[in-house]
Amino acid sequence: MKRSVFAALISIGPCLAAGAIFAQDAPRLRGPEPFTKETPAPPMQRQVTDDVRVRRNYPDQPPVIPHSIEGYAMDLNANKCMSCHARKFTDQSQAPMISVTHYQDRDGNTLGGLAPRRYVCVACHVPQTTARPLVENVFTDMDELAEPERQPERGRH
Ligand code: HEC
Ligand code: HEC
């Protein structure tokens with residue numbers, strides 16, 4: 001009896017220790033309250049809507065959205081994003097056109113219009129908020145790695 005309790009303790013011990021480490025490292029999205037307690041939702045963060053296009057961290061990163069997308073329809077019949085970003089509307093909207101990759105299916109065939117796999121823009125492109133990051137971002141740009149002394153100061157993002 002005693003031995004089995006002891007065995008149980010040694011197997012639980014490391015799990016508890018690991019749990020403690022994870023709890024410490026991973027910031028809790030829902031705040032410090034235990035999950036059994038209902039707490040009011042934190043206020044929505046303010047969106048960045050300054051219309052300034054943000055530098056990409058690597059060439060094929062989906063650029064982030066620098067404008068509001070609140071209330072933009074995206075369903076079977078309507079895709080509000082395309083009313084500005086489609087090729088035929090860019091003269092009126094002055095929005096950057098979706099790039100050629102958005103016309104290609106996954107086998108590399110170029111289609112006559114937007115590829116279905118690119119229909120839901122917000123699967124890849126997201127607006128930004130002024131929220132404080134939960135964890136520090138230690139990403140280093142390829143150019144900074146190659147020539148650290150030549151890089152301009154990084155901006156807000
Ligand atoms: C009313 C026109 C309009 C609509 C609708 C619109 N955009 Fe834009 N978008 C723009 C313009 C203009 C820019 C250029 C920067 C700016 O003025 O905000 C832009 C910039 C962007 C960029 C940045 C591109 C880059 O190279 O940095 C992305 C990504 C983007 N929009 C995605 C979207 C998505 C996704 C939607 C739908 C949820 C959408 N846009 C709806 C007009 C629009
Ligand atoms: C599967 C991911 C994905 C989806 C879905 C997607 N995009 Fe993109 N988008 C990208 C990537 C990756 C890039 C940058 C590389 C490239 O051009 O392919 C990009 C680039 C862009 C650019 C910049 C083009 C340029 O030449 O500067 C615009 C604008 C854009 N997307 C708008 C949209 C809109 C509008 C939709 C929805 C109709 C959409 N994207 C759907 C991944 C996606």
# chains A, B, ... in the order shown; residues from 1 in each chain; ligands from 1
$ select_by_dssp --residues "range 56-111 of chain A" --states "helix (DSSP H, G or I)" --output "ChimeraX atom specification"
/A:82-85,87-93,100-103
$ write_last_selection --atoms "N, CA, C and O atoms" --output "short mmCIF file (atom, residue, chain, number, x, y, z; two decimals), in the first residue's frame"
data_model
loop_
_atom_site.label_atom_id
_atom_site.label_comp_id
_atom_site.auth_asym_id
_atom_site.auth_seq_id
_atom_site.Cartn_x
_atom_site.Cartn_y
_atom_site.Cartn_z
N MET A 82 -12.96 42.44 -51.94
CA MET A 82 -12.72 42.45 -53.38
C MET A 82 -13.31 43.70 -54.05
O MET A 82 -12.93 44.04 -55.17
N SER A 83 -14.21 44.40 -53.36
CA SER A 83 -14.79 45.60 -53.97
C SER A 83 -13.77 46.72 -54.03
O SER A 83 -14.01 47.75 -54.67
N CYS A 84 -12.63 46.57 -53.37
CA CYS A 84 -11.53 47.53 -53.50
C CYS A 84 -10.26 46.87 -54.03
O CYS A 84 -9.52 47.49 -54.77
N HIS A 85 -10.00 45.64 -53.61
CA HIS A 85 -8.72 45.01 -53.94
C HIS A 85 -8.73 44.21 -55.25
O HIS A 85 -7.68 43.74 -55.68
N ARG A 87 -8.69 43.61 -59.20
CA ARG A 87 -7.99 44.37 -60.23
C ARG A 87 -8.85 45.48 -60.80
O ARG A 87 -8.43 46.62 -60.94
N LYS A 88 -10.13 45.14 -61.11
CA LYS A 88 -10.95 46.12 -61.83
C LYS A 88 -11.41 47.31 -60.98
O LYS A 88 -11.94 48.26 -61.53
N PHE A 89 -11.19 47.25 -59.67
CA PHE A 89 -11.65 48.38 -58.86
C PHE A 89 -10.52 49.24 -58.29
O PHE A 89 -10.76 50.20 -57.56
N THR A 90 -9.28 48.88 -58.62
CA THR A 90 -8.17 49.58 -57.94
C THR A 90 -7.98 51.02 -58.39
O THR A 90 -7.38 51.81 -57.68
N ASP A 91 -8.49 51.37 -59.58
CA ASP A 91 -8.35 52.78 -59.97
C ASP A 91 -9.24 53.67 -59.11
O ASP A 91 -8.84 54.75 -58.70
N GLN A 92 -10.44 53.18 -58.80
CA GLN A 92 -11.30 53.96 -57.91
C GLN A 92 -10.82 53.92 -56.46
O GLN A 92 -10.85 54.91 -55.76
N SER A 93 -10.42 52.72 -56.01
CA SER A 93 -10.15 52.55 -54.58
C SER A 93 -8.73 52.93 -54.20
O SER A 93 -8.47 53.22 -53.03
N VAL A 100 -0.62 38.08 -57.94
CA VAL A 100 -0.87 36.97 -58.86
C VAL A 100 -1.11 35.64 -58.13
O VAL A 100 -1.87 34.81 -58.62
N THR A 101 -0.48 35.47 -56.96
CA THR A 101 -0.66 34.19 -56.26
C THR A 101 -2.14 33.96 -55.90
O THR A 101 -2.57 32.84 -55.74
N HIS A 102 -2.89 35.06 -55.80
CA HIS A 102 -4.31 34.95 -55.45
C HIS A 102 -5.17 34.41 -56.61
O HIS A 102 -6.34 34.14 -56.44
N TYR A 103 -4.54 34.32 -57.78
CA TYR A 103 -5.25 33.78 -58.94
C TYR A 103 -4.87 32.33 -59.20
O TYR A 103 -5.34 31.73 -60.14
#
$ residues_near_ligand --ligand "ligand 2" --cutoff "10 Å" --atoms "only C-alpha atoms and all ligand atoms" --output "ChimeraX atom specification"
/A:53,56,58-65,74,79-86,95-104,114-126
$ residues_around --residues "range 34-44 of chain A" --least-positions-apart "4" --cutoff "10 Å" --atoms "only C-alpha atoms" --output "mmCIF file with C-alpha atoms, in the first residue's frame"
data_model
loop_
_atom_site.group_PDB
_atom_site.id
_atom_site.type_symbol
_atom_site.label_atom_id
_atom_site.label_comp_id
_atom_site.auth_asym_id
_atom_site.auth_seq_id
_atom_site.Cartn_x
_atom_site.Cartn_y
_atom_site.Cartn_z
ATOM 1 C CA ARG A 30 -8.259 35.154 -19.603
ATOM 2 C CA THR A 129 -4.641 46.445 -32.510
ATOM 3 C CA ALA A 131 -2.813 45.585 -27.482
#
$ atom_distance --atom1 "CA of Arg46 in chain A" --atom2 "atom 30 (C, counted along the ligand's line) of ligand 1"
17.7 Å
$ residues_around --residues "Asp143 in chain A" --least-positions-apart "5" --cutoff "10 Å" --atoms "only C-alpha atoms" --output "CSV table (one decimal) with N, CA, C and O atoms, in the first residue's frame"
chain,number,residue,atom,x,y,z
A,57,ASN,N,7.8,41.1,-42.7
A,57,ASN,CA,8.9,40.6,-42.0
A,57,ASN,C,9.7,39.6,-42.9
A,57,ASN,O,10.9,39.4,-42.6
A,58,TYR,N,9.1,39.1,-44.0
A,58,TYR,CA,9.8,38.3,-45.0
A,58,TYR,C,8.9,38.5,-46.2
A,58,TYR,O,7.8,38.8,-46.1
A,148,PRO,N,23.6,43.8,-39.4
A,148,PRO,CA,22.9,44.5,-38.3
A,148,PRO,C,23.2,46.0,-38.2
A,148,PRO,O,22.3,46.7,-37.9
A,150,ARG,N,23.6,48.1,-40.4
A,150,ARG,CA,23.1,49.0,-41.5
A,150,ARG,C,21.6,49.2,-41.4
A,150,ARG,O,21.0,49.8,-42.3
A,151,GLN,N,20.9,48.6,-40.5
A,151,GLN,CA,19.5,48.6,-40.4
A,151,GLN,C,18.9,49.9,-39.8
A,151,GLN,O,19.5,50.3,-38.8
$ closest_residue --among "A:Phe139, A:Gln45, A:Asp50, A:Leu29" --to "ligand 1" --atoms "only C-alpha atoms and all ligand atoms"
A:Asp50
$ atom_distance --atom1 "CA of Gln94 in chain A" --atom2 "CA of Gly108 in chain A"
28.0 Å
$ residues_around --residues "Pro127 in chain A" --least-positions-apart "6" --cutoff "10 Å" --atoms "only C-alpha atoms" --output "list in words"
Gln47, Val48, Thr49, Pro63, Val64, Ile65, Pro66, His67, Ser68, Ile69 and Glu70 of chain A
$ closest_residue --among "A:Thr110, A:Gln128, A:Asp105, A:Ala146" --to "ligand 1" --atoms "only C-alpha atoms and all ligand atoms"
A:Gln128
$ select_by_dssp --residues "range 28-115 of chain A" --states "strand (DSSP E or B)" --output "ChimeraX atom specification"
/A:47,65,74,79,104,110
